[in-house]
file query.pdb (PDB, C-alpha atoms)
MODEL        1
ATOM      1  CA  MET G 561     139.716 242.305-125.656
ATOM      2  CA  SER G 562     139.035 245.178-127.996
ATOM      3  CA  GLU G 563     135.461 246.262-128.569
ATOM      4  CA  PRO G 564     133.852 245.184-131.804
ATOM      5  CA  ALA G 565     133.286 248.018-134.236
ATOM      6  CA  TYR G 566     129.737 246.990-135.003
ATOM      7  CA  LEU G 567     126.988 244.487-134.340
ATOM      8  CA  ASP G 568     124.447 242.892-136.662
ATOM      9  CA  GLY G 569     121.336 244.790-137.652
ATOM     10  CA  ASN G 570     119.186 242.255-135.813
ATOM     11  CA  ALA G 571     120.435 243.764-132.562
ATOM     12  CA  ALA G 572     118.510 246.926-133.521
ATOM     13  CA  ALA G 573     115.187 245.083-133.185
ATOM     14  CA  GLY G 574     114.589 246.549-129.712
ATOM     15  CA  PRO G 575     115.050 250.252-130.449
ATOM     16  CA  LEU G 576     113.297 249.934-133.828
ATOM     17  CA  SER G 577     110.319 248.278-132.091
ATOM     18  CA  GLU G 578     109.700 251.609-130.386
ATOM     19  CA  ILE G 579     109.250 253.306-133.773
ATOM     20  CA  PHE G 580     107.718 250.724-136.091
ATOM     21  CA  SER G 581     104.794 248.412-135.370
ATOM     22  CA  VAL G 582     106.352 245.542-137.344
ATOM     23  CA  ASP G 583     109.797 243.970-137.038
ATOM     24  CA  VAL G 584     111.852 246.038-139.478
ATOM     25  CA  THR G 585     114.960 243.861-138.990
ATOM     26  CA  THR G 586     113.345 241.146-141.128
ATOM     27  CA  ALA G 587     112.479 243.640-143.895
ATOM     28  CA  ARG G 588     114.470 243.682-147.128
ATOM     29  CA  GLY G 589     116.129 246.980-147.857
ATOM     30  CA  HIS G 590     117.788 248.497-150.915
ATOM     31  CA  CYS G 591     120.985 250.454-150.305
ATOM     32  CA  ALA G 592     120.743 253.858-151.982
ATOM     33  CA  HIS G 593     124.542 254.022-152.259
ATOM     34  CA  CYS G 594     125.563 250.705-153.880
ATOM     35  CA  GLY G 595     122.246 249.042-154.703
ATOM     36  CA  ASP G 596     122.769 246.004-152.482
ATOM     37  CA  GLU G 597     119.535 244.340-151.414
ATOM     38  CA  THR G 598     119.379 242.370-148.197
ATOM     39  CA  VAL G 599     117.541 242.079-144.898
ATOM     40  CA  VAL G 600     118.080 244.883-142.398
ATOM     41  CA  ALA G 601     119.297 242.239-139.915
ATOM     42  CA  ARG G 602     122.406 241.802-142.081
ATOM     43  CA  ALA G 603     123.327 245.503-141.967
ATOM     44  CA  HIS G 604     126.103 246.692-139.663
ATOM     45  CA  LEU G 605     124.796 248.285-136.495
ATOM     46  CA  TYR G 606     126.719 251.012-134.692
ATOM     47  CA  PRO G 607     124.876 251.822-131.471
ATOM     48  CA  ASP G 608     125.754 254.809-129.329
ATOM     49  CA  ASP G 609     124.390 256.683-126.370
ATOM     50  CA  HIS G 610     122.021 258.777-128.458
ATOM     51  CA  GLY G 611     120.682 256.262-130.931
ATOM     52  CA  LEU G 612     122.062 254.098-133.669
ATOM     53  CA  VAL G 613     123.472 254.037-137.178
ATOM     54  CA  LEU G 614     122.851 251.209-139.652
ATOM     55  CA  ARG G 615     125.400 250.877-142.437
ATOM     56  CA  CYS G 616     125.348 248.733-145.584
ATOM     57  CA  SER G 617     127.332 245.499-145.061
ATOM     58  CA  VAL G 618     128.728 245.797-148.606
ATOM     59  CA  CYS G 619     129.679 249.482-149.047
ATOM     60  CA  GLU G 620     129.404 250.792-145.430
ATOM     61  CA  GLY G 621     127.190 253.634-146.647
ATOM     62  CA  VAL G 622     124.752 254.935-144.029
ATOM     63  CA  LEU G 623     121.345 253.271-144.463
ATOM     64  CA  ALA G 624     119.554 254.742-141.475
ATOM     65  CA  ARG G 625     120.190 256.903-138.458
ATOM     66  CA  VAL G 626     118.042 257.098-135.363
ATOM     67  CA  VAL G 627     118.704 259.842-132.835
ATOM     68  CA  GLN G 628     116.895 259.942-129.529
ATOM     69  CA  THR G 629     116.601 263.021-127.374
ATOM     70  CA  PRO G 630     114.223 263.502-124.467
ATOM     71  CA  GLY G 631     110.695 263.411-125.849
ATOM     72  CA  ARG G 632     111.797 263.061-129.488
ATOM     73  CA  ILE G 633     113.078 260.458-131.944
ATOM     74  CA  SER G 634     114.557 261.584-135.279
ATOM     75  CA  ILE G 635     114.915 259.079-138.117
ATOM     76  CA  ASP G 636     116.994 259.608-141.270
ATOM     77  CA  LEU G 637     116.254 256.894-143.844
ATOM     78  CA  ARG G 638     117.759 258.508-146.937
ATOM     79  CA  GLY G 639     120.227 255.631-147.408
ATOM     80  CA  LEU G 640     117.384 253.168-147.908
ATOM     81  CA  SER G 641     115.746 253.702-151.272
ATOM     82  CA  TRP G 642     113.057 251.191-150.358
ATOM     83  CA  LEU G 643     112.024 248.719-147.666
ATOM     84  CA  GLU G 644     109.948 245.614-148.294
ATOM     85  CA  LEU G 645     108.035 244.206-145.338
ATOM     86  CA  ASP G 646     106.304 240.869-144.946
ATOM     87  CA  VAL G 647     102.805 241.318-143.580
ATOM     88  CA  GLU G 648     100.565 238.635-142.143
TER      89      GLU G 648
ATOM     90  CA  MET J 220     106.243 257.720-123.429
ATOM     91  CA  SER J 221     107.320 254.478-124.982
ATOM     92  CA  THR J 222     105.204 251.449-124.237
ATOM     93  CA  ALA J 223     107.945 249.053-125.358
ATOM     94  CA  TRP J 224     109.481 248.746-121.892
ATOM     95  CA  ARG J 225     107.834 246.358-119.486
ATOM     96  CA  VAL J 226     108.606 245.212-115.983
ATOM     97  CA  ALA J 227     109.801 241.633-115.605
ATOM     98  CA  ASP J 228     109.882 239.735-112.319
ATOM     99  CA  VAL J 229     112.999 237.734-111.568
ATOM    100  CA  VAL J 230     111.524 234.343-110.655
ATOM    101  CA  GLY J 231     114.645 232.187-110.682
ATOM    102  CA  ALA J 232     118.434 232.263-110.872
ATOM    103  CA  ARG J 233     121.150 229.633-111.071
ATOM    104  CA  THR J 234     124.878 229.620-111.581
ATOM    105  CA  GLU J 235     126.106 228.237-114.920
ATOM    106  CA  THR J 236     129.861 228.846-114.514
ATOM    107  CA  PRO J 237     131.996 230.922-112.107
ATOM    108  CA  SER J 238     131.305 233.983-114.294
ATOM    109  CA  ALA J 239     127.839 233.307-115.722
ATOM    110  CA  ARG J 240     124.353 233.106-114.337
ATOM    111  CA  THR J 241     121.014 232.090-115.790
ATOM    112  CA  LEU J 242     118.058 234.282-114.828
ATOM    113  CA  ARG J 243     114.455 233.247-115.233
ATOM    114  CA  LEU J 244     112.181 236.226-115.875
ATOM    115  CA  ARG J 245     108.400 236.523-116.064
ATOM    116  CA  ILE J 246     106.555 239.208-117.996
ATOM    117  CA  PRO J 247     102.849 239.027-117.172
ATOM    118  CA  GLY J 248     100.888 238.640-120.411
ATOM    119  CA  LEU J 249     103.838 237.463-122.514
ATOM    120  CA  ASN J 250     102.797 234.726-124.924
ATOM    121  CA  GLY J 251     105.973 232.733-125.581
ATOM    122  CA  HIS J 252     109.048 233.642-127.602
ATOM    123  CA  LEU J 253     110.929 232.443-130.662
ATOM    124  CA  ALA J 254     114.164 230.480-130.350
ATOM    125  CA  GLY J 255     117.040 232.897-130.964
ATOM    126  CA  GLN J 256     115.279 236.100-129.926
ATOM    127  CA  HIS J 257     116.782 238.578-127.482
ATOM    128  CA  VAL J 258     115.626 241.156-124.983
ATOM    129  CA  ASP J 259     117.051 244.533-124.071
ATOM    130  CA  ILE J 260     117.512 245.256-120.381
ATOM    131  CA  ARG J 261     117.581 248.810-119.021
ATOM    132  CA  LEU J 262     119.107 249.716-115.698
ATOM    133  CA  THR J 263     118.539 253.140-114.194
ATOM    134  CA  ALA J 264     120.926 254.565-111.596
ATOM    135  CA  PRO J 265     119.640 256.722-108.711
ATOM    136  CA  ASP J 266     120.881 259.826-110.574
ATOM    137  CA  GLY J 267     118.796 258.893-113.630
ATOM    138  CA  TYR J 268     121.675 257.555-115.746
ATOM    139  CA  GLN J 269     120.466 254.644-117.873
ATOM    140  CA  ALA J 270     122.306 251.796-119.548
ATOM    141  CA  VAL J 271     120.756 249.370-122.028
ATOM    142  CA  ARG J 272     122.198 246.014-123.057
ATOM    143  CA  SER J 273     120.906 243.149-125.199
ATOM    144  CA  TYR J 274     120.819 239.580-123.896
ATOM    145  CA  SER J 275     119.901 236.465-125.818
ATOM    146  CA  ILE J 276     117.164 234.174-124.610
ATOM    147  CA  ALA J 277     118.464 230.703-123.713
ATOM    148  CA  SER J 278     115.145 228.975-123.130
ATOM    149  CA  ALA J 279     112.408 227.644-125.377
ATOM    150  CA  LEU J 280     109.373 228.046-123.159
ATOM    151  CA  PRO J 281     105.725 228.646-123.884
ATOM    152  CA  GLY J 282     103.907 231.167-121.734
ATOM    153  CA  ASP J 283     105.133 234.192-119.865
ATOM    154  CA  GLU J 284     108.566 233.056-118.660
ATOM    155  CA  PHE J 285     111.963 232.886-120.335
ATOM    156  CA  GLU J 286     115.593 232.507-119.324
ATOM    157  CA  LEU J 287     118.706 234.542-120.111
ATOM    158  CA  THR J 288     122.267 233.459-119.443
ATOM    159  CA  VAL J 289     124.491 236.440-118.694
ATOM    160  CA  GLU J 290     128.292 236.357-118.794
ATOM    161  CA  GLU J 291     129.914 238.864-116.468
ATOM    162  CA  LEU J 292     132.109 241.301-118.384
ATOM    163  CA  VAL J 293     134.918 242.854-116.388
ATOM    164  CA  ASP J 294     134.208 246.599-116.164
ATOM    165  CA  GLY J 295     130.710 246.007-117.568
ATOM    166  CA  GLU J 296     127.974 248.461-116.624
ATOM    167  CA  VAL J 297     125.114 245.972-116.585
ATOM    168  CA  SER J 298     126.361 242.372-116.497
ATOM    169  CA  PRO J 299     128.063 242.484-113.043
ATOM    170  CA  TYR J 300     124.760 243.615-111.542
ATOM    171  CA  LEU J 301     122.830 240.842-113.300
ATOM    172  CA  VAL J 302     125.361 238.146-112.375
ATOM    173  CA  ARG J 303     126.302 239.193-108.821
ATOM    174  CA  THR J 304     123.676 241.469-107.300
ATOM    175  CA  LEU J 305     120.216 240.866-108.722
ATOM    176  CA  MET J 306     118.061 238.567-106.573
ATOM    177  CA  VAL J 307     114.965 236.457-107.089
ATOM    178  CA  GLY J 308     112.015 238.718-106.323
ATOM    179  CA  ASP J 309     113.667 241.777-107.887
ATOM    180  CA  GLN J 310     112.298 243.434-111.005
ATOM    181  CA  LEU J 311     113.942 244.504-114.269
ATOM    182  CA  GLU J 312     112.939 246.815-117.120
ATOM    183  CA  VAL J 313     112.803 244.726-120.292
ATOM    184  CA  ARG J 314     112.111 245.476-123.974
ATOM    185  CA  GLY J 315     111.164 242.469-126.045
ATOM    186  CA  PRO J 316     111.492 239.583-126.759
ATOM    187  CA  VAL J 317     112.422 240.979-130.177
ATOM    188  CA  GLY J 318     114.073 239.894-133.403
ATOM    189  CA  GLY J 319     112.502 237.790-136.129
ATOM    190  CA  TRP J 320     115.588 237.018-138.203
ATOM    191  CA  PHE J 321     118.161 235.173-136.074
ATOM    192  CA  VAL J 322     115.503 232.640-135.116
ATOM    193  CA  TRP J 323     114.695 228.993-135.726
ATOM    194  CA  ARG J 324     111.062 227.929-135.995
ATOM    195  CA  PRO J 325     109.830 224.402-135.262
ATOM    196  CA  GLY J 326     108.523 223.035-138.523
ATOM    197  CA  GLU J 327     111.608 224.016-140.520
ATOM    198  CA  GLU J 328     113.059 220.799-141.906
ATOM    199  CA  THR J 329     116.395 221.838-143.382
ATOM    200  CA  PRO J 330     119.563 220.680-141.580
ATOM    201  CA  VAL J 331     120.832 223.208-139.063
ATOM    202  CA  GLN J 332     124.414 223.817-138.033
ATOM    203  CA  LEU J 333     124.844 225.880-134.882
ATOM    204  CA  ILE J 334     128.284 227.395-134.225
ATOM    205  CA  ALA J 335     129.006 229.056-130.885
ATOM    206  CA  GLY J 336     131.987 231.029-129.678
ATOM    207  CA  GLY J 337     131.925 231.182-125.857
ATOM    208  CA  SER J 338     128.746 232.739-124.492
ATOM    209  CA  GLY J 339     127.449 232.900-128.075
ATOM    210  CA  VAL J 340     125.998 229.499-127.267
ATOM    211  CA  VAL J 341     123.040 231.151-125.496
ATOM    212  CA  PRO J 342     120.646 231.794-128.431
ATOM    213  CA  LEU J 343     121.783 228.530-130.040
ATOM    214  CA  MET J 344     120.800 226.675-126.871
ATOM    215  CA  SER J 345     117.337 228.189-127.236
ATOM    216  CA  MET J 346     117.200 226.679-130.748
ATOM    217  CA  ALA J 347     118.458 223.292-129.514
ATOM    218  CA  ARG J 348     115.845 223.310-126.767
ATOM    219  CA  ALA J 349     113.079 224.290-129.215
ATOM    220  CA  HIS J 350     114.235 221.508-131.527
ATOM    221  CA  ALA J 351     114.007 218.983-128.685
ATOM    222  CA  ALA J 352     110.682 220.329-127.395
ATOM    223  CA  ALA J 353     109.190 219.978-130.884
ATOM    224  CA  ALA J 354     110.721 216.495-131.360
ATOM    225  CA  SER J 355     111.901 217.941-134.679
ATOM    226  CA  ALA J 356     113.412 215.544-137.203
ATOM    227  CA  ALA J 357     115.548 218.322-138.740
ATOM    228  CA  PRO J 358     119.224 217.315-138.400
ATOM    229  CA  PHE J 359     120.856 219.587-135.801
ATOM    230  CA  ARG J 360     124.552 219.963-135.020
ATOM    231  CA  LEU J 361     126.277 222.261-132.561
ATOM    232  CA  LEU J 362     129.942 223.189-132.739
ATOM    233  CA  TYR J 363     130.854 224.906-129.474
ATOM    234  CA  SER J 364     134.211 226.658-129.165
ATOM    235  CA  VAL J 365     135.074 227.434-125.575
ATOM    236  CA  ARG J 366     138.197 228.355-123.617
ATOM    237  CA  THR J 367     138.176 225.738-120.865
ATOM    238  CA  PRO J 368     135.985 222.839-119.700
ATOM    239  CA  ALA J 369     134.879 224.981-116.728
ATOM    240  CA  SER J 370     133.489 227.674-119.021
ATOM    241  CA  VAL J 371     131.047 225.351-120.821
ATOM    242  CA  TYR J 372     127.404 226.347-120.314
ATOM    243  CA  TYR J 373     124.629 223.722-120.075
ATOM    244  CA  ARG J 374     127.012 220.736-120.235
ATOM    245  CA  ASP J 375     124.692 218.154-118.665
ATOM    246  CA  GLU J 376     121.745 219.242-120.745
ATOM    247  CA  LEU J 377     123.816 219.221-123.952
ATOM    248  CA  ASP J 378     124.907 215.642-123.144
ATOM    249  CA  GLN J 379     121.277 214.751-122.605
ATOM    250  CA  LEU J 380     120.105 216.418-125.845
ATOM    251  CA  GLY J 381     122.854 214.524-127.662
ATOM    252  CA  ARG J 382     121.266 211.246-126.544
ATOM    253  CA  ASP J 383     117.665 212.228-127.294
ATOM    254  CA  PRO J 384     116.519 209.810-130.028
ATOM    255  CA  SER J 385     113.433 211.854-130.989
ATOM    256  CA  ALA J 386     115.376 215.014-131.919
ATOM    257  CA  PRO J 387     119.061 214.177-132.254
ATOM    258  CA  LEU J 388     121.606 216.914-131.644
ATOM    259  CA  ALA J 389     125.257 216.194-132.447
ATOM    260  CA  VAL J 390     127.559 218.275-130.255
ATOM    261  CA  SER J 391     131.276 218.895-130.916
ATOM    262  CA  PHE J 392     133.567 220.927-128.696
ATOM    263  CA  VAL J 393     136.677 222.937-129.466
ATOM    264  CA  TYR J 394     138.757 223.867-126.399
ATOM    265  CA  THR J 395     141.005 226.837-127.065
ATOM    266  CA  ARG J 396     142.977 227.144-123.773
ATOM    267  CA  GLU J 397     142.553 223.976-121.718
ATOM    268  CA  THR J 398     141.110 220.559-122.531
ATOM    269  CA  PRO J 399     139.232 218.120-120.285
ATOM    270  CA  PRO J 400     140.999 214.962-119.016
ATOM    271  CA  GLY J 401     141.269 212.319-121.705
ATOM    272  CA  TRP J 402     140.828 214.805-124.564
ATOM    273  CA  GLU J 403     142.818 213.943-127.651
ATOM    274  CA  GLY J 404     145.248 216.615-128.758
ATOM    275  CA  PRO J 405     146.278 219.961-127.371
ATOM    276  CA  PRO J 406     143.980 222.947-126.899
ATOM    277  CA  GLY J 407     143.810 225.223-129.895
ATOM    278  CA  ARG J 408     141.646 227.569-131.853
ATOM    279  CA  LEU J 409     139.144 226.448-134.391
ATOM    280  CA  SER J 410     140.716 226.079-137.829
ATOM    281  CA  ALA J 411     139.215 225.776-141.302
ATOM    282  CA  ASP J 412     139.989 222.040-141.261
ATOM    283  CA  ARG J 413     138.426 221.428-137.851
ATOM    284  CA  LEU J 414     135.412 223.476-138.873
ATOM    285  CA  ARG J 415     134.951 221.399-142.021
ATOM    286  CA  ALA J 416     135.271 218.132-140.086
ATOM    287  CA  ALA J 417     132.710 219.133-137.446
ATOM    288  CA  THR J 418     129.998 220.743-139.566
ATOM    289  CA  ILE J 419     127.334 219.609-142.000
ATOM    290  CA  PRO J 420     128.789 219.566-145.546
ATOM    291  CA  ALA J 421     127.724 222.037-148.233
ATOM    292  CA  ASP J 422     125.988 219.378-150.353
ATOM    293  CA  ALA J 423     123.403 218.964-147.554
ATOM    294  CA  SER J 424     122.626 222.733-147.784
ATOM    295  CA  PRO J 425     122.500 223.436-144.043
ATOM    296  CA  THR J 426     121.336 226.686-142.508
ATOM    297  CA  PHE J 427     123.993 228.175-140.223
ATOM    298  CA  TYR J 428     123.442 230.152-137.052
ATOM    299  CA  ILE J 429     126.721 231.583-135.761
ATOM    300  CA  CYS J 430     126.971 233.566-132.554
ATOM    301  CA  GLY J 431     130.074 234.847-130.827
ATOM    302  CA  ALA J 432     132.515 237.708-130.729
ATOM    303  CA  THR J 433     132.937 239.679-133.957
ATOM    304  CA  ALA J 434     136.303 238.176-134.948
ATOM    305  CA  PHE J 435     135.031 234.623-134.374
ATOM    306  CA  VAL J 436     131.859 235.208-136.379
ATOM    307  CA  GLU J 437     133.692 236.797-139.304
ATOM    308  CA  THR J 438     136.438 234.177-139.456
ATOM    309  CA  VAL J 439     134.011 231.257-139.333
ATOM    310  CA  SER J 440     131.638 232.826-141.877
ATOM    311  CA  ALA J 441     134.495 233.412-144.325
ATOM    312  CA  TRP J 442     135.702 229.798-144.006
ATOM    313  CA  LEU J 443     132.192 228.501-144.645
ATOM    314  CA  VAL J 444     131.830 230.592-147.789
ATOM    315  CA  ASP J 445     135.267 229.379-148.953
ATOM    316  CA  ASP J 446     134.000 225.830-148.469
ATOM    317  CA  GLY J 447     131.095 226.431-150.826
ATOM    318  CA  HIS J 448     128.316 227.252-148.377
ATOM    319  CA  ASP J 449     125.719 229.748-149.602
ATOM    320  CA  PRO J 450     126.141 233.101-147.787
ATOM    321  CA  ALA J 451     122.347 233.502-147.893
ATOM    322  CA  ARG J 452     122.048 230.537-145.522
ATOM    323  CA  ILE J 453     124.530 231.900-142.982
ATOM    324  CA  ARG J 454     122.942 233.927-140.192
ATOM    325  CA  THR J 455     125.133 235.660-137.664
ATOM    326  CA  GLU J 456     124.794 237.432-134.365
ATOM    327  CA  ARG J 457     127.846 239.255-133.130
ATOM    328  CA  TYR J 458     127.954 240.256-129.517
ATOM    329  CA  GLY J 459     130.019 242.769-127.727
ATOM    330  CA  GLY J 460     130.174 245.069-124.790
ATOM    331  CA  ILE J 461     128.990 247.982-126.866
ATOM    332  CA  GLY J 462     125.578 249.370-126.301
ATOM    333  CA  GLY J 463     123.841 252.629-125.751
ATOM    334  CA  THR J 464     121.001 254.100-123.871
ATOM    335  CA  ALA J 465     118.630 253.821-126.833
TER     336      ALA J 465
ENDMDL
END
call {"tool": "encode", "arguments": {"input": "query.pdb", "output": "structure tokens"}}
result
Amino acid sequence: MSEPAYLDGNAAAGPLSEIFSVDVTTARGHCAHCGDETVVARAHLYPDDHGLVLRCSVCEGVLARVVQTPGRISIDLRGLSWLELDVE
Amino acid sequence: MSTAWRVADVVGARTETPSARTLRLRIPGLNGHLAGQHVDIRLTAPDGYQAVRSYSIASALPGDEFELTVEELVDGEVSPYLVRTLMVGDQLEVRGPVGGWFVWRPGEETPVQLIAGGSGVVPLMSMARAHAAAASAAPFRLLYSVRTPASVYYRDELDQLGRDPSAPLAVSFVYTRETPPGWEGPPGRLSADRLRAATIPADASPTFYICGATAFVETVSAWLVDDGHDPARIRTERYGGIGGTA
């Protein structure tokens, strides 16, 4: 069986929980590349040994990159022009 | 240091199939979980090498315990340990339960169609159990595509849930390689026609939860959209052997 190329954005809930105090996978995001608006959970997730990449499910543009190194987490969110979070 | 990782005690284990095992874990202080959530498990080798994998929760329990069902992947880095080696009394590093999107909450009344490919049944079983525990009147159906009768998870409990008058669950099976005795027709993959016949029709506006391998999830989702289902009501969770150390 070949490995899937990507998972759903909801699988990023664990690593993102280390950065954000709310569940970002249920947030709505706006793709800076194509303008698509949808929940982060519907993005395409490409995990790797050093972090993860979230790509737009419509245009495959990079929405977010998280890179972990010892003692440091770097986050590049330039592909998300906004995020809308539900708060209690 | 991250505070997201916690230590879970392995408080129970049982065999589901020759290649899958259900583990019951306890995280002191945990206050329940949502049906459909997952946890990440981190194993650390003596040389410091770490591997992280996500596993769906199968249970719908209040309190500080939950169950995972793990399918052993040949050449896997984590699943063979969880299925073959880990013992009751051992401990595991766990992050979660997490995920607020691929979840079903008691109180939702819209019809729900669950579609599982193989071990993708795990988070859907959590939803079916939550539905039963809540005595929910929401119509629930499960379409479960599986290779052989021996690879079916939770068969007795699914039969039981199918007969529960307070929260009915209609279960349909598709056997892709081998059928049980007395089964009508040959084994075969799910098709658009079989999918249509075994799922809630579009005019009832069901919410779909589909979990399985990527190809299964994409094929089924595309057929549903072709049949007039609203893509906004289709929620998917692909699984795979990929994962990182994040």
call {"tool": "resolve_selection", "arguments": {"input": "query.pdb", "expression": "the PyMOL selection byres ((chain J and resi 352-356) around 9)", "output": "tab-separated table (two decimals) with C-alpha atoms, keeping the file's coordinate frame"}}
result
chain	number	residue	atom	x	y	z
J	279	ALA	CA	112.41	227.64	-125.38
J	280	LEU	CA	109.37	228.05	-123.16
J	325	PRO	CA	109.83	224.40	-135.26
J	326	GLY	CA	108.52	223.04	-138.52
J	327	GLU	CA	111.61	224.02	-140.52
J	328	GLU	CA	113.06	220.80	-141.91
J	347	ALA	CA	118.46	223.29	-129.51
J	348	ARG	CA	115.84	223.31	-126.77
J	349	ALA	CA	113.08	224.29	-129.22
J	350	HIS	CA	114.24	221.51	-131.53
J	351	ALA	CA	114.01	218.98	-128.68
J	357	ALA	CA	115.55	218.32	-138.74
J	358	PRO	CA	119.22	217.32	-138.40
J	359	PHE	CA	120.86	219.59	-135.80
J	384	PRO	CA	116.52	209.81	-130.03
J	385	SER	CA	113.43	211.85	-130.99
J	386	ALA	CA	115.38	215.01	-131.92
J	387	PRO	CA	119.06	214.18	-132.25
call {"tool": "closest_residue", "arguments": {"input": "query.pdb", "among": "J:Thr418, J:Ser345, J:Thr329, J:Thr426", "to": "Ala277 of chain J", "atoms": "all atoms listed in the file"}}
result
J:Ser345
call {"tool": "resolve_selection", "arguments": {"input": "query.pdb", "expression": "the ChimeraX specification (/J :<7) & /G", "output": "PDB file with C-alpha atoms, keeping the file's coordinate frame"}}
result
ATOM      1  CA  GLU G 563     135.461 246.262-128.569  1.00  0.00           C
ATOM      2  CA  PRO G 564     133.852 245.184-131.804  1.00  0.00           C
ATOM      3  CA  LEU G 567     126.988 244.487-134.340  1.00  0.00           C
ATOM      4  CA  ASP G 568     124.447 242.892-136.662  1.00  0.00           C
ATOM      5  CA  ASN G 570     119.186 242.255-135.813  1.00  0.00           C
ATOM      6  CA  ALA G 573     115.187 245.083-133.185  1.00  0.00           C
ATOM      7  CA  GLY G 574     114.589 246.549-129.712  1.00  0.00           C
ATOM      8  CA  PRO G 575     115.050 250.252-130.449  1.00  0.00           C
ATOM      9  CA  GLU G 578     109.700 251.609-130.386  1.00  0.00           C
ATOM     10  CA  ASP G 583     109.797 243.970-137.038  1.00  0.00           C
ATOM     11  CA  THR G 585     114.960 243.861-138.990  1.00  0.00           C
ATOM     12  CA  THR G 586     113.345 241.146-141.128  1.00  0.00           C
ATOM     13  CA  ALA G 601     119.297 242.239-139.915  1.00  0.00           C
ATOM     14  CA  PRO G 607     124.876 251.822-131.471  1.00  0.00           C
ATOM     15  CA  ASP G 608     125.754 254.809-129.329  1.00  0.00           C
ATOM     16  CA  ASP G 609     124.390 256.683-126.370  1.00  0.00           C
ATOM     17  CA  HIS G 610     122.021 258.777-128.458  1.00  0.00           C
ATOM     18  CA  GLY G 611     120.682 256.262-130.931  1.00  0.00           C
ATOM     19  CA  GLN G 628     116.895 259.942-129.529  1.00  0.00           C
TER      20      GLN G 628
END
call {"tool": "atom_distance", "arguments": {"input": "query.pdb", "atom1": "atom CA of Val307 of chain J", "atom2": "atom CA of Tyr373 of chain J"}}
result
20.6 Å
call {"tool": "residues_around", "arguments": {"input": "query.pdb", "residues": "Arg638 of chain G", "least_positions_apart": "4", "cutoff": "8 Å", "atoms": "only C-alpha atoms", "output": "list in words"}}
result
Ala592, Leu623 and Ala624 of chain G
call {"tool": "residues_around", "arguments": {"input": "query.pdb", "residues": "Phe285 of chain J", "least_positions_apart": "4", "cutoff": "8 Å", "atoms": "all atoms listed in the file", "output": "mmCIF file with C-alpha atoms, in the frame of the given file"}}
result
data_model
loop_
_atom_site.group_PDB
_atom_site.id
_atom_site.type_symbol
_atom_site.label_atom_id
_atom_site.label_comp_id
_atom_site.auth_asym_id
_atom_site.auth_seq_id
_atom_site.Cartn_x
_atom_site.Cartn_y
_atom_site.Cartn_z
ATOM 1 C CA ARG J 243 114.455 233.247 -115.233
ATOM 2 C CA LEU J 244 112.181 236.226 -115.875
ATOM 3 C CA ARG J 245 108.400 236.523 -116.064
ATOM 4 C CA GLY J 251 105.973 232.733 -125.581
ATOM 5 C CA HIS J 252 109.048 233.642 -127.602
ATOM 6 C CA ILE J 276 117.164 234.174 -124.610
ATOM 7 C CA ALA J 277 118.464 230.703 -123.713
ATOM 8 C CA SER J 278 115.145 228.975 -123.130
ATOM 9 C CA ALA J 279 112.408 227.644 -125.377
ATOM 10 C CA LEU J 280 109.373 228.046 -123.159
#
call {"tool": "atom_distance", "arguments": {"input": "query.pdb", "atom1": "atom CA of Ser634 of chain G", "atom2": "atom CA of Arg588 of chain G"}}
result
21.5 Å
call {"tool": "atom_distance", "arguments": {"input": "query.pdb", "atom1": "atom CA of Pro247 of chain J", "atom2": "atom CA of Glu286 of chain J"}}
result
14.5 Å
call {"tool": "closest_residue", "arguments": {"input": "query.pdb", "among": "G:Thr598, G:Val584, G:Leu605, G:Gly589", "to": "Ala571 of chain G", "atoms": "only C-alpha atoms"}}
result
G:Leu605
call {"tool": "closest_residue", "arguments": {"input": "query.pdb", "among": "J:Pro420, J:Pro368, J:Pro237, J:Pro265", "to": "Glu397 of chain J", "atoms": "only C-alpha atoms"}}
result
J:Pro368
call {"tool": "closest_residue", "arguments": {"input": "query.pdb", "among": "J:Leu377, J:Leu362, J:Val331, J:Val341", "to": "Phe427 of chain J", "atoms": "only C-alpha atoms"}}
result
J:Val331
call {"tool": "residues_around", "arguments": {"input": "query.pdb", "residues": "Thr438 of chain J", "least_positions_apart": "5", "cutoff": "12 Å", "atoms": "only C-alpha atoms", "output": "PDB file with C-alpha atoms, keeping the file's coordinate frame"}}
result
ATOM      1  CA  ILE J 334     128.284 227.395-134.225  1.00  0.00           C
ATOM      2  CA  GLY J 336     131.987 231.029-129.678  1.00  0.00           C
ATOM      3  CA  ARG J 408     141.646 227.569-131.853  1.00  0.00           C
ATOM      4  CA  LEU J 409     139.144 226.448-134.391  1.00  0.00           C
ATOM      5  CA  SER J 410     140.716 226.079-137.829  1.00  0.00           C
ATOM      6  CA  ALA J 411     139.215 225.776-141.302  1.00  0.00           C
ATOM      7  CA  LEU J 414     135.412 223.476-138.873  1.00  0.00           C
ATOM      8  CA  ILE J 429     126.721 231.583-135.761  1.00  0.00           C
ATOM      9  CA  CYS J 430     126.971 233.566-132.554  1.00  0.00           C
ATOM     10  CA  GLY J 431     130.074 234.847-130.827  1.00  0.00           C
ATOM     11  CA  ALA J 432     132.515 237.708-130.729  1.00  0.00           C
ATOM     12  CA  THR J 433     132.937 239.679-133.957  1.00  0.00           C
ATOM     13  CA  LEU J 443     132.192 228.501-144.645  1.00  0.00           C
ATOM     14  CA  VAL J 444     131.830 230.592-147.789  1.00  0.00           C
ATOM     15  CA  ASP J 445     135.267 229.379-148.953  1.00  0.00           C
ATOM     16  CA  THR J 455     125.133 235.660-137.664  1.00  0.00           C
ATOM     17  CA  ARG J 457     127.846 239.255-133.130  1.00  0.00           C
TER      18      ARG J 457
END
call {"tool": "closest_residue", "arguments": {"input": "query.pdb", "among": "G:Val626, G:Leu640, G:Cys616, G:Cys594", "to": "Ala572 of chain G", "atoms": "all atoms listed in the file"}}
result
G:Val626
